[in-house]
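> File follows, input-v7.tsv with TSV, C-alpha atoms and all ligand atoms:
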```tsv
chain	number	residue	atom	x	y	z
E	97	MET	CA	0.00	0.00	0.00
E	98	PRO	CA	1.32	3.51	-0.76
E	99	ASP	CA	2.89	5.39	2.13
E	100	ASN	CA	1.07	8.31	3.67
E	101	GLU	CA	3.79	10.85	2.89
E	102	GLY	CA	5.89	9.98	5.91
E	103	GLY	CA	2.94	9.09	8.17
E	104	GLN	CA	1.61	5.58	8.63
E	105	ALA	CA	-0.51	4.33	5.73
E	106	HIS	CA	-4.00	3.19	6.70
E	107	VAL	CA	-4.02	-0.48	7.68
E	108	PRO	CA	-7.32	-2.10	6.62
E	109	VAL	CA	-9.30	-3.45	9.56
E	110	LEU	CA	-10.97	-6.93	9.67
E	111	LEU	CA	-9.94	-7.41	6.03
E	112	ALA	CA	-10.08	-11.23	5.95
E	113	GLU	CA	-13.49	-11.22	7.65
E	114	VAL	CA	-14.84	-8.60	5.24
E	115	LEU	CA	-13.62	-10.58	2.22
E	116	ALA	CA	-15.21	-13.76	3.59
E	117	ALA	CA	-18.51	-11.94	4.16
E	118	LEU	CA	-18.55	-10.68	0.56
E	119	ALA	CA	-17.41	-13.92	-1.12
E	120	PRO	CA	-17.55	-15.25	-3.80
E	121	LEU	CA	-15.58	-12.40	-5.32
E	122	ALA	CA	-14.24	-13.63	-8.67
E	123	GLY	CA	-16.21	-11.74	-11.32
E	124	ALA	CA	-18.38	-10.00	-8.68
E	125	ARG	CA	-19.30	-6.31	-8.91
E	126	VAL	CA	-18.63	-4.60	-5.58
E	127	VAL	CA	-19.26	-1.08	-4.32
E	128	ASP	CA	-16.65	0.06	-1.77
E	129	GLY	CA	-18.41	3.07	-0.26
E	130	THR	CA	-15.45	4.17	1.89
E	131	PHE	CA	-12.35	3.90	-0.29
E	132	GLY	CA	-9.81	5.53	2.08
E	133	ALA	CA	-6.33	4.31	1.15
E	134	GLY	CA	-7.92	1.56	-0.93
E	135	GLY	CA	-7.02	-1.39	1.29
E	136	TYR	CA	-10.36	-3.12	0.80
E	137	SER	CA	-10.61	-2.12	-2.87
E	138	ARG	CA	-7.16	-3.55	-3.61
E	139	ALA	CA	-7.95	-6.86	-1.91
E	140	LEU	CA	-11.30	-7.08	-3.74
E	141	LEU	CA	-9.60	-6.41	-7.08
E	142	GLU	CA	-6.91	-8.99	-6.32
E	143	ALA	CA	-9.68	-11.51	-5.61
E	144	GLY	CA	-11.05	-10.88	-9.10
E	145	ALA	CA	-13.88	-8.42	-8.39
E	146	THR	CA	-14.78	-5.29	-10.35
E	147	VAL	CA	-14.90	-2.36	-7.94
E	148	THR	CA	-16.67	1.00	-7.87
E	149	ALA	CA	-15.13	2.96	-5.01
E	150	ILE	CA	-16.53	6.11	-3.40
E	151	ASP	CA	-14.92	8.58	-1.01
E	152	ARG	CA	-15.86	12.12	-0.03
E	153	ASP	CA	-12.27	13.09	0.83
E	154	PRO	CA	-10.49	14.60	-2.20
E	155	ASN	CA	-7.10	13.66	-0.66
E	156	VAL	CA	-7.58	9.94	-1.44
E	157	ARG	CA	-7.35	10.60	-5.17
E	158	ARG	CA	-3.70	9.53	-5.40
E	159	PHE	CA	-4.55	6.10	-3.96
E	160	ALA	CA	-7.39	5.75	-6.46
E	161	ASP	CA	-5.16	6.78	-9.37
E	162	ALA	CA	-2.66	4.08	-8.38
E	163	LEU	CA	-5.35	1.36	-8.43
E	164	ALA	CA	-6.78	2.62	-11.74
E	165	ALA	CA	-3.30	2.40	-13.29
E	166	GLU	CA	-2.86	-1.15	-12.01
E	167	PHE	CA	-6.33	-2.64	-12.58
E	168	GLY	CA	-7.63	-0.61	-15.56
E	169	ASP	CA	-11.36	-0.70	-16.19
E	170	ARG	CA	-12.03	-3.16	-13.33
E	171	PHE	CA	-11.67	-0.15	-11.01
E	172	THR	CA	-13.68	3.08	-11.00
E	173	PHE	CA	-13.39	5.85	-8.42
E	174	VAL	CA	-16.27	8.25	-7.75
E	175	PRO	CA	-15.71	11.31	-5.53
E	176	GLY	CA	-18.84	11.71	-3.40
E	177	THR	CA	-20.74	10.40	-0.41
E	178	PHE	CA	-21.92	6.82	0.08
E	179	SER	CA	-25.39	8.08	1.00
E	180	GLU	CA	-25.84	8.24	-2.77
E	181	LEU	CA	-24.19	4.94	-3.60
E	182	ASP	CA	-27.23	3.71	-5.50
E	183	GLN	CA	-26.72	6.64	-7.91
E	184	PHE	CA	-23.04	5.86	-8.41
E	185	ALA	CA	-23.08	2.08	-8.67
E	186	GLY	CA	-23.91	2.00	-12.38
E	187	GLY	CA	-26.35	-0.91	-12.14
E	188	SER	CA	-27.01	-3.60	-9.62
E	189	PRO	CA	-23.86	-4.75	-7.73
E	190	ASP	CA	-23.32	-8.13	-6.06
E	191	ALA	CA	-22.00	-6.60	-2.85
E	192	VAL	CA	-21.59	-3.37	-0.92
E	193	VAL	CA	-19.00	-2.69	1.78
E	194	LEU	CA	-18.80	0.26	4.16
E	195	ASP	CA	-15.90	0.88	6.56
E	196	ILE	CA	-17.35	3.78	8.49
E	197	GLY	CA	-15.42	6.60	10.12
E	198	ILE	CA	-12.10	8.24	9.50
E	199	SER	CA	-8.85	6.84	8.17
E	200	SER	CA	-5.47	6.97	9.91
E	201	MET	CA	-4.34	9.45	7.24
E	202	GLN	CA	-7.11	11.82	8.26
E	203	VAL	CA	-6.29	11.48	11.96
E	204	ASP	CA	-2.55	11.81	11.42
E	205	GLU	CA	-2.70	14.98	9.36
E	206	ALA	CA	-2.68	17.82	11.91
E	207	GLY	CA	-4.10	20.28	9.39
E	208	ARG	CA	-7.38	18.32	9.14
E	209	GLY	CA	-8.15	19.02	12.80
E	210	PHE	CA	-9.41	15.54	13.74
E	211	SER	CA	-6.91	14.84	16.50
E	212	PHE	CA	-6.70	16.42	19.93
E	213	MET	CA	-3.10	15.16	20.10
E	214	ARG	CA	-1.95	17.32	17.18
E	215	GLU	CA	-2.11	21.09	17.01
E	216	GLY	CA	-4.19	22.15	14.02
E	217	PRO	CA	-7.21	24.19	12.99
E	218	LEU	CA	-10.48	22.95	14.52
E	219	ASP	CA	-11.76	21.74	11.16
E	220	MET	CA	-12.75	18.00	10.98
E	221	ARG	CA	-14.40	18.20	7.53
E	222	MET	CA	-13.77	15.00	5.56
E	223	ALA	CA	-14.80	16.63	2.29
E	224	GLY	CA	-13.22	20.01	3.06
E	225	GLU	CA	-16.51	21.89	2.65
E	226	GLY	CA	-19.36	23.09	4.87
E	227	GLU	CA	-19.37	23.95	8.57
E	228	THR	CA	-16.19	23.29	10.54
E	229	ALA	CA	-15.92	22.08	14.13
E	230	ALA	CA	-14.76	25.61	15.04
E	231	ASP	CA	-18.01	27.00	13.55
E	232	LEU	CA	-20.04	24.72	15.84
E	233	VAL	CA	-17.92	25.34	18.93
E	234	ASN	CA	-18.00	29.12	18.50
E	235	THR	CA	-21.62	29.65	17.43
E	236	LEU	CA	-23.94	27.02	18.97
E	237	ASP	CA	-25.77	28.15	22.08
E	238	GLU	CA	-24.79	26.45	25.33
E	239	LYS	CA	-27.75	24.06	25.47
E	240	SER	CA	-27.37	22.92	21.85
E	241	LEU	CA	-23.66	22.39	22.39
E	242	ALA	CA	-24.26	20.34	25.53
E	243	ASN	CA	-26.93	18.26	23.79
E	244	LEU	CA	-24.66	17.62	20.82
E	245	LEU	CA	-21.77	16.42	23.04
E	246	PHE	CA	-24.16	14.17	24.94
E	247	ALA	CA	-26.08	12.74	21.96
E	248	TYR	CA	-23.16	12.15	19.59
E	249	GLY	CA	-20.32	11.59	22.07
E	250	GLU	CA	-22.18	10.02	25.02
E	251	GLU	CA	-20.31	12.62	27.10
E	252	ARG	CA	-21.86	12.62	30.57
E	253	ARG	CA	-20.13	15.86	31.55
E	254	SER	CA	-21.45	17.66	28.46
E	255	ARG	CA	-23.12	20.51	30.38
E	256	ARG	CA	-19.92	21.43	32.22
E	257	ILE	CA	-17.90	21.30	29.02
E	258	ALA	CA	-20.45	23.40	27.11
E	259	ALA	CA	-20.52	26.03	29.89
E	260	ALA	CA	-16.70	26.21	29.87
E	261	ILE	CA	-16.63	26.56	26.07
E	262	VAL	CA	-19.17	29.39	26.13
E	263	ALA	CA	-17.25	31.22	28.87
E	264	ALA	CA	-13.90	30.78	27.07
E	265	ARG	CA	-15.12	31.85	23.64
E	266	ALA	CA	-16.54	35.10	25.10
E	267	GLU	CA	-12.88	36.07	25.66
E	268	THR	CA	-11.46	34.66	22.45
E	269	PRO	CA	-12.78	32.23	19.81
E	270	ILE	CA	-11.60	28.61	20.10
E	271	THR	CA	-9.91	27.86	16.80
E	272	THR	CA	-7.41	25.05	17.38
E	273	THR	CA	-7.62	21.38	18.36
E	274	THR	CA	-5.19	21.77	21.20
E	275	ALA	CA	-6.96	24.85	22.63
E	276	LEU	CA	-10.24	22.90	22.81
E	277	ALA	CA	-8.56	19.77	24.19
E	278	ALA	CA	-6.78	21.77	26.90
E	279	LEU	CA	-9.99	23.58	27.84
E	280	ILE	CA	-11.84	20.27	28.22
E	281	GLU	CA	-9.01	18.81	30.26
E	282	ARG	CA	-9.00	21.84	32.58
E	283	THR	CA	-12.78	21.56	32.94
E	284	ILE	CA	-13.27	17.87	33.68
E	285	GLY	CA	-9.78	16.78	34.68
E	286	ARG	CA	-7.76	13.79	33.53
E	287	LYS	CA	-7.31	10.52	35.35
E	288	PRO	CA	-4.21	8.43	34.75
E	289	GLY	CA	-4.90	5.33	32.67
E	290	GLU	CA	-8.19	6.68	31.29
E	291	MET	CA	-8.81	7.89	27.76
E	292	HIS	CA	-8.14	11.55	27.06
E	293	PRO	CA	-10.99	13.67	28.44
E	294	ALA	CA	-11.52	15.31	25.02
E	295	THR	CA	-12.09	11.98	23.21
E	296	ARG	CA	-15.88	11.97	23.43
E	297	SER	CA	-16.28	15.66	22.61
E	298	PHE	CA	-14.05	15.34	19.55
E	299	GLN	CA	-16.05	12.30	18.40
E	300	ALA	CA	-19.31	14.23	18.81
E	301	LEU	CA	-18.07	17.24	16.85
E	302	ARG	CA	-16.72	15.04	14.04
E	303	ILE	CA	-20.02	13.18	13.74
E	304	ALA	CA	-21.94	16.47	13.59
E	305	VAL	CA	-19.59	18.19	11.12
E	306	ASN	CA	-19.78	15.25	8.69
E	307	ASP	CA	-23.42	14.27	9.38
E	308	GLU	CA	-22.07	10.77	9.94
E	309	PHE	CA	-25.30	9.23	11.26
E	310	GLY	CA	-27.35	10.75	8.43
E	311	GLN	CA	-24.80	9.38	5.96
E	312	LEU	CA	-24.84	5.93	7.54
E	313	VAL	CA	-28.64	5.66	7.52
E	314	GLU	CA	-28.93	6.89	3.92
E	315	GLY	CA	-26.08	4.61	2.82
E	316	LEU	CA	-27.63	1.53	4.43
E	317	PHE	CA	-31.01	2.12	2.79
E	318	ALA	CA	-29.32	2.92	-0.54
E	319	ALA	CA	-27.57	-0.48	-0.33
E	320	GLU	CA	-30.92	-2.11	0.47
E	321	ARG	CA	-32.47	-0.51	-2.64
E	322	ILE	CA	-29.68	-1.45	-4.99
E	323	LEU	CA	-28.66	-4.97	-3.93
E	324	PRO	CA	-30.51	-7.82	-5.67
E	325	GLU	CA	-31.71	-10.92	-3.81
E	326	GLY	CA	-28.61	-12.73	-2.55
E	327	GLY	CA	-26.53	-9.54	-2.71
E	328	ARG	CA	-24.11	-9.08	0.20
E	329	LEU	CA	-23.65	-6.20	2.61
E	330	ALA	CA	-20.75	-5.81	5.05
E	331	VAL	CA	-20.43	-2.84	7.41
E	332	VAL	CA	-17.53	-2.12	9.75
E	333	SER	CA	-18.20	0.48	12.44
E	334	PHE	CA	-16.08	1.90	15.23
E	335	HIS	CA	-18.31	2.91	18.08
E	336	SER	CA	-21.41	1.70	19.82
E	337	LEU	CA	-23.77	4.36	18.44
E	338	GLU	CA	-22.94	3.40	14.85
E	339	ASP	CA	-23.01	-0.31	15.56
E	340	ARG	CA	-26.45	0.00	17.14
E	341	ILE	CA	-27.77	1.66	13.97
E	342	VAL	CA	-26.36	-1.13	11.77
E	343	LYS	CA	-27.69	-3.82	14.10
E	344	ARG	CA	-31.20	-2.40	14.09
E	345	PHE	CA	-31.11	-1.95	10.34
E	346	LEU	CA	-30.17	-5.58	9.67
E	347	ASP	CA	-32.42	-7.09	12.30
E	348	PRO	CA	-35.59	-4.96	12.49
E	349	GLU	CA	-37.55	-7.68	14.28
E	350	LYS	CA	-35.20	-8.03	17.25
E	351	ALA	CA	-34.20	-4.43	17.57
E	352	ALA	CA	-37.37	-2.37	17.66
E	353	PRO	CA	-37.86	-1.50	21.34
E	354	THR	CA	-39.34	1.88	20.46
E	355	ARG	CA	-42.21	0.35	18.52
E	356	SER	CA	-45.45	-0.30	20.35
E	357	ARG	CA	-45.90	-3.93	21.39
E	358	HIS	CA	-49.51	-3.54	20.27
E	359	LEU	CA	-48.40	-3.06	16.68
E	360	PRO	CA	-47.59	-6.14	14.61
E	361	GLN	CA	-43.83	-6.84	14.64
E	362	VAL	CA	-41.95	-6.95	11.35
E	363	GLN	CA	-41.94	-10.61	10.37
E	364	SER	CA	-38.50	-12.02	9.68
E	365	ALA	CA	-39.95	-13.59	6.53
E	366	LEU	CA	-40.55	-10.06	5.31
E	367	SER	CA	-37.21	-8.64	6.37
E	368	PRO	CA	-35.09	-7.33	3.50
E	369	TRP	CA	-32.10	-9.14	5.08
E	370	ARG	CA	-31.39	-12.81	5.74
E	371	GLU	CA	-28.45	-14.79	7.10
E	372	VAL	CA	-27.67	-11.84	9.39
E	373	ARG	CA	-24.36	-12.77	11.00
E	374	LYS	CA	-23.36	-12.13	14.60
E	375	ALA	CA	-21.09	-9.13	15.16
E	376	MET	CA	-17.41	-9.96	14.52
E	377	LYS	CA	-14.42	-8.34	16.20
E	378	ALA	CA	-10.69	-8.43	15.56
E	379	GLY	CA	-8.78	-11.46	16.81
E	380	ARG	CA	-5.68	-11.33	18.97
E	381	THR	CA	-3.17	-11.29	16.10
E	382	GLU	CA	-4.86	-8.34	14.41
E	383	LEU	CA	-5.20	-6.50	17.72
E	384	GLU	CA	-1.46	-6.83	18.32
E	385	ARG	CA	-0.62	-5.65	14.81
E	386	ASN	CA	-3.17	-2.84	14.56
E	387	PRO	CA	-4.48	-1.25	17.79
E	388	ARG	CA	-7.07	0.73	15.73
E	389	SER	CA	-8.92	-2.56	15.18
E	390	ARG	CA	-9.79	-2.69	18.91
E	391	SER	CA	-13.16	-0.99	18.52
E	392	ALA	CA	-14.03	-2.29	15.04
E	393	VAL	CA	-17.22	-4.35	14.65
E	394	LEU	CA	-18.25	-6.10	11.42
E	395	ARG	CA	-21.87	-6.93	10.64
E	396	SER	CA	-22.97	-8.59	7.44
E	397	ALA	CA	-26.03	-10.11	5.78
E	398	LEU	CA	-27.56	-11.20	2.50
E	399	ARG	CA	-30.33	-9.30	0.75
E	400	SER	CA	-33.62	-11.23	0.82
E	401	ALA	CA	-36.35	-11.09	-1.82
E	402	SER	CA	-38.47	-8.67	0.23
E	403	PRO	CA	-38.94	-5.15	-1.08
E	404	ALA	CA	-36.70	-2.33	0.11
E	405	ARG	CA	-38.09	-0.19	2.94
E	406	PRO	CA	-38.44	3.58	2.93
E	407	VAL	CA	-35.64	5.40	4.79
E	408	ASP	CA	-36.52	5.34	8.51
E	409	ARG	CA	-34.14	7.30	10.72
E	410	ALA	CA	-36.27	7.15	13.87
E	411	GLY	CA	-36.81	3.39	13.57
E	412	LEU	CA	-33.04	2.86	13.77
E	413	GLY	CA	-32.82	4.91	16.97
E	414	VAL	CA	-30.55	7.53	15.44
E	415	PRO	CA	-29.97	10.27	18.02
E	416	GLY	CA	-30.93	13.75	16.83
E	417	ARG	CA	-28.33	16.49	17.12
E	418	GLY	CA	-30.48	18.21	19.73
E	419	GLY	CA	-30.35	15.02	21.80
E	420	ASP	CA	-33.25	15.33	24.25
E	421	ARG	CA	-32.45	14.22	27.76
M	501	LIG	C1	-11.92	3.97	7.71
M	501	LIG	S1	-11.56	4.71	6.19
M	501	LIG	C2	-11.69	3.45	5.01
M	501	LIG	C3	-10.44	2.67	4.83
M	501	LIG	C4	-10.49	1.66	3.72
M	501	LIG	N1	-11.42	0.57	3.98
M	501	LIG	C5	-9.10	1.09	3.46
M	501	LIG	O1	-8.95	-0.14	3.56
M	501	LIG	O2	-8.19	1.85	3.16
M	501	LIG	C6	-13.00	5.62	5.90
M	501	LIG	C7	-12.99	6.44	4.63
M	501	LIG	O3	-14.35	6.69	4.30
M	501	LIG	C8	-14.50	8.03	3.92
M	501	LIG	N2	-15.86	8.39	4.26
M	501	LIG	C9	-16.40	8.51	5.50
M	501	LIG	N3	-17.69	8.82	5.42
M	501	LIG	C10	-17.98	8.87	4.10
M	501	LIG	C11	-19.18	9.13	3.38
M	501	LIG	N4	-20.32	9.41	4.00
M	501	LIG	N5	-19.14	9.05	2.03
M	501	LIG	C12	-17.98	8.75	1.39
M	501	LIG	N6	-16.82	8.53	2.02
M	501	LIG	C13	-16.82	8.58	3.36
M	501	LIG	C14	-13.45	8.80	4.67
M	501	LIG	O4	-13.12	9.97	3.97
M	501	LIG	C15	-12.31	7.79	4.74
M	501	LIG	O5	-11.43	7.97	3.68
```
Could you write out this structure as structure tokens?
Ligand SMILES: C[S@@+](CC[C@H](N)C(=O)[O-])C[C@H]1O[C@@H](n2cnc3c(N)ncnc32)[C@H](O)[C@@H]1O


Amino acid sequence: MPDNEGGQAHVPVLLAEVLAALAPLAGARVVDGTFGAGGYSRALLEAGATVTAIDRDPNVRRFADALAAEFGDRFTFVPGTFSELDQFAGGSPDAVVLDIGISSMQVDEAGRGFSFMREGPLDMRMAGEGETAADLVNTLDEKSLANLLFAYGEERRSRRIAAAIVAARAETPITTTTALAALIERTIGRKPGEMHPATRSFQALRIAVNDEFGQLVEGLFAAERILPEGGRLAVVSFHSLEDRIVKRFLDPEKAAPTRSRHLPQVQSALSPWREVRKAMKAGRTELERNPRSRSAVLRSALRSASPARPVDRAGLGVPGRGGDR
């Protein structure tokens, strides 16, 4: 895999498990909705598949160009978001794979503003357009900010953090990753051996800036619309909020606690998904080689013959940005 200009290239997570979930691959048409450094796409191409790859980050172009040069017309790259993958797929594919979240290249590049460990602008936009994290931090009112940190980051101390942000920005706007991280650390403290106190807040801001839950929901339903009966879907996610969405999507019968028990339950015979596999996690060897795989969860299933459902955000329990509590 090409090097990340001095940084560590992205190491694909749960690759063998993803390939097994999407098999057979020889001659198959696969949509890779999260191209990144092309780790999955390369392996799919090497297994004989034809790949349409999508990524919203313009910086991945060089990885895509390298694969196009090597695999010719078996590989197509489309800049865009996977929420629209049914528009980009160019017909009905045999499989769709999504590896949700950010790549190591994005985290490692200080100028992208994803990491509280690296001084950079408080940006966090994968596509480089739209509202930045600094826009949110400096303009949202205190209650909206607290709700966002709680709903998207599961940050229990969200109210204290939001109050501290609002007080600090009245003096001077918060424009860098390290300024925000230091402010959060001063506000809620740091215990040895625990994760950095800014972790959850940074996750929440990143999800909001990139509308990651909206993208995930739209992408899942787009895959449901476009995959034919027997088509395969594999989704790798990196935190519990995302995994819960994927789980509910693939298994609507089991995971519908919000629906009234007086209403008829969705019958599994009518579910658009069958052979829904149990969640898979990285084994010991992968964990030792790639610590990033620690929180990765793979879920996969086969498309059934049942018709595709309309997009249903509430039914998947997607938290709103306001996050009532
Ligand atoms: C975890 S990386 C994928 C790594 C890839 N599987 C590999 O092996 O190199 C996630 C990638 O998906 C992209 N991405 C995230 N959300 C996206 C979306 N909604 N639409 C398109 N690309 C997205 C990010 O820009 C990033 O490059």

> List all protein, DNA and RNA residues that have any atom at most 7 Å from ligand LIG 501 (chain M), counting all atoms listed in the file, and write the list as JSON, numbers by chain.

{"E": [106, 107, 108, 109, 129, 130, 131, 132, 133, 134, 135, 136, 137, 150, 151, 152, 153, 156, 176, 177, 178, 179, 195, 196, 197, 198, 199, 222, 308, 311, 312]}

> Between E:Met220, E:Ile322, E:Ala122, E:Ile284, which residue has the minimum interatomic distance to Gly186 of chain E, considering all atoms listed in the file?

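Under the stated criterion, the closest residue is E:Ile322.
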
> May I have the protein, DNA and RNA residues with an atom at most 10 Å from (-17.9, 4.0, 15.7), counting all atoms listed in the file in the file's coordinates, returned as a list of chain:residue names?

E:Asp195, E:Ile196, E:Gly197, E:Ile198, E:Gln299, E:Ile303, E:Glu308, E:Val332, E:Ser333, E:Phe334, E:His335, E:Ser336, E:Leu337, E:Glu338, E:Asp339, E:Arg340, E:Ser391, E:Ala392, E:Val393

> Please measure the separation of atom CA of Gly226 of chain E and atom CA of Leu329 of chain E, giving the value in Å to one decimal.

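One can read the atom CA of Gly226 of chain E to atom CA of Leu329 of chain E distance as 29.7 Å.
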
> Find the residues near Ala139 of chain E: any atom within 12 Å, counting only C-alpha atoms, skip ones fewer than 6 places away on the same chain, and give them as JSON, numbers by chain.

{"E": [97, 108, 110, 111, 112, 113, 114, 115, 116, 118, 119, 121, 122, 126, 128, 131, 133, 145, 146, 147, 163, 167, 171]}

> At a cut-off of 12 Å, using only C-alpha atoms, what residues contact Glu215 of chain E? Leave out same-chain residues fewer than 6 positions from it and give the result as a JSON list (two decimals) with C-alpha atoms, keeping the file's coordinate frame.


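Here's the written file out07.json:
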```json
[["chain", "number", "residue", "atom", "x", "y", "z"],
["E", 203, "VAL", "CA", -6.29, 11.48, 11.96],
["E", 204, "ASP", "CA", -2.55, 11.81, 11.42],
["E", 205, "GLU", "CA", -2.70, 14.98, 9.36],
["E", 206, "ALA", "CA", -2.68, 17.82, 11.91],
["E", 207, "GLY", "CA", -4.10, 20.28, 9.39],
["E", 208, "ARG", "CA", -7.38, 18.32, 9.14],
["E", 209, "GLY", "CA", -8.15, 19.02, 12.80],
["E", 271, "THR", "CA", -9.91, 27.86, 16.80],
["E", 272, "THR", "CA", -7.41, 25.05, 17.38],
["E", 273, "THR", "CA", -7.62, 21.38, 18.36],
["E", 274, "THR", "CA", -5.19, 21.77, 21.20],
["E", 275, "ALA", "CA", -6.96, 24.85, 22.63],
["E", 276, "LEU", "CA", -10.24, 22.90, 22.81],
["E", 277, "ALA", "CA", -8.56, 19.77, 24.19],
["E", 278, "ALA", "CA", -6.78, 21.77, 26.90]]
```

> Using atom CA of Leu140 of chain E and atom CA of Gly123 of chain E as the two end points, give the distance in Å to one decimal.

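According to the coordinates, atom CA of Leu140 of chain E and atom CA of Gly123 of chain E are separated by 10.2 Å.
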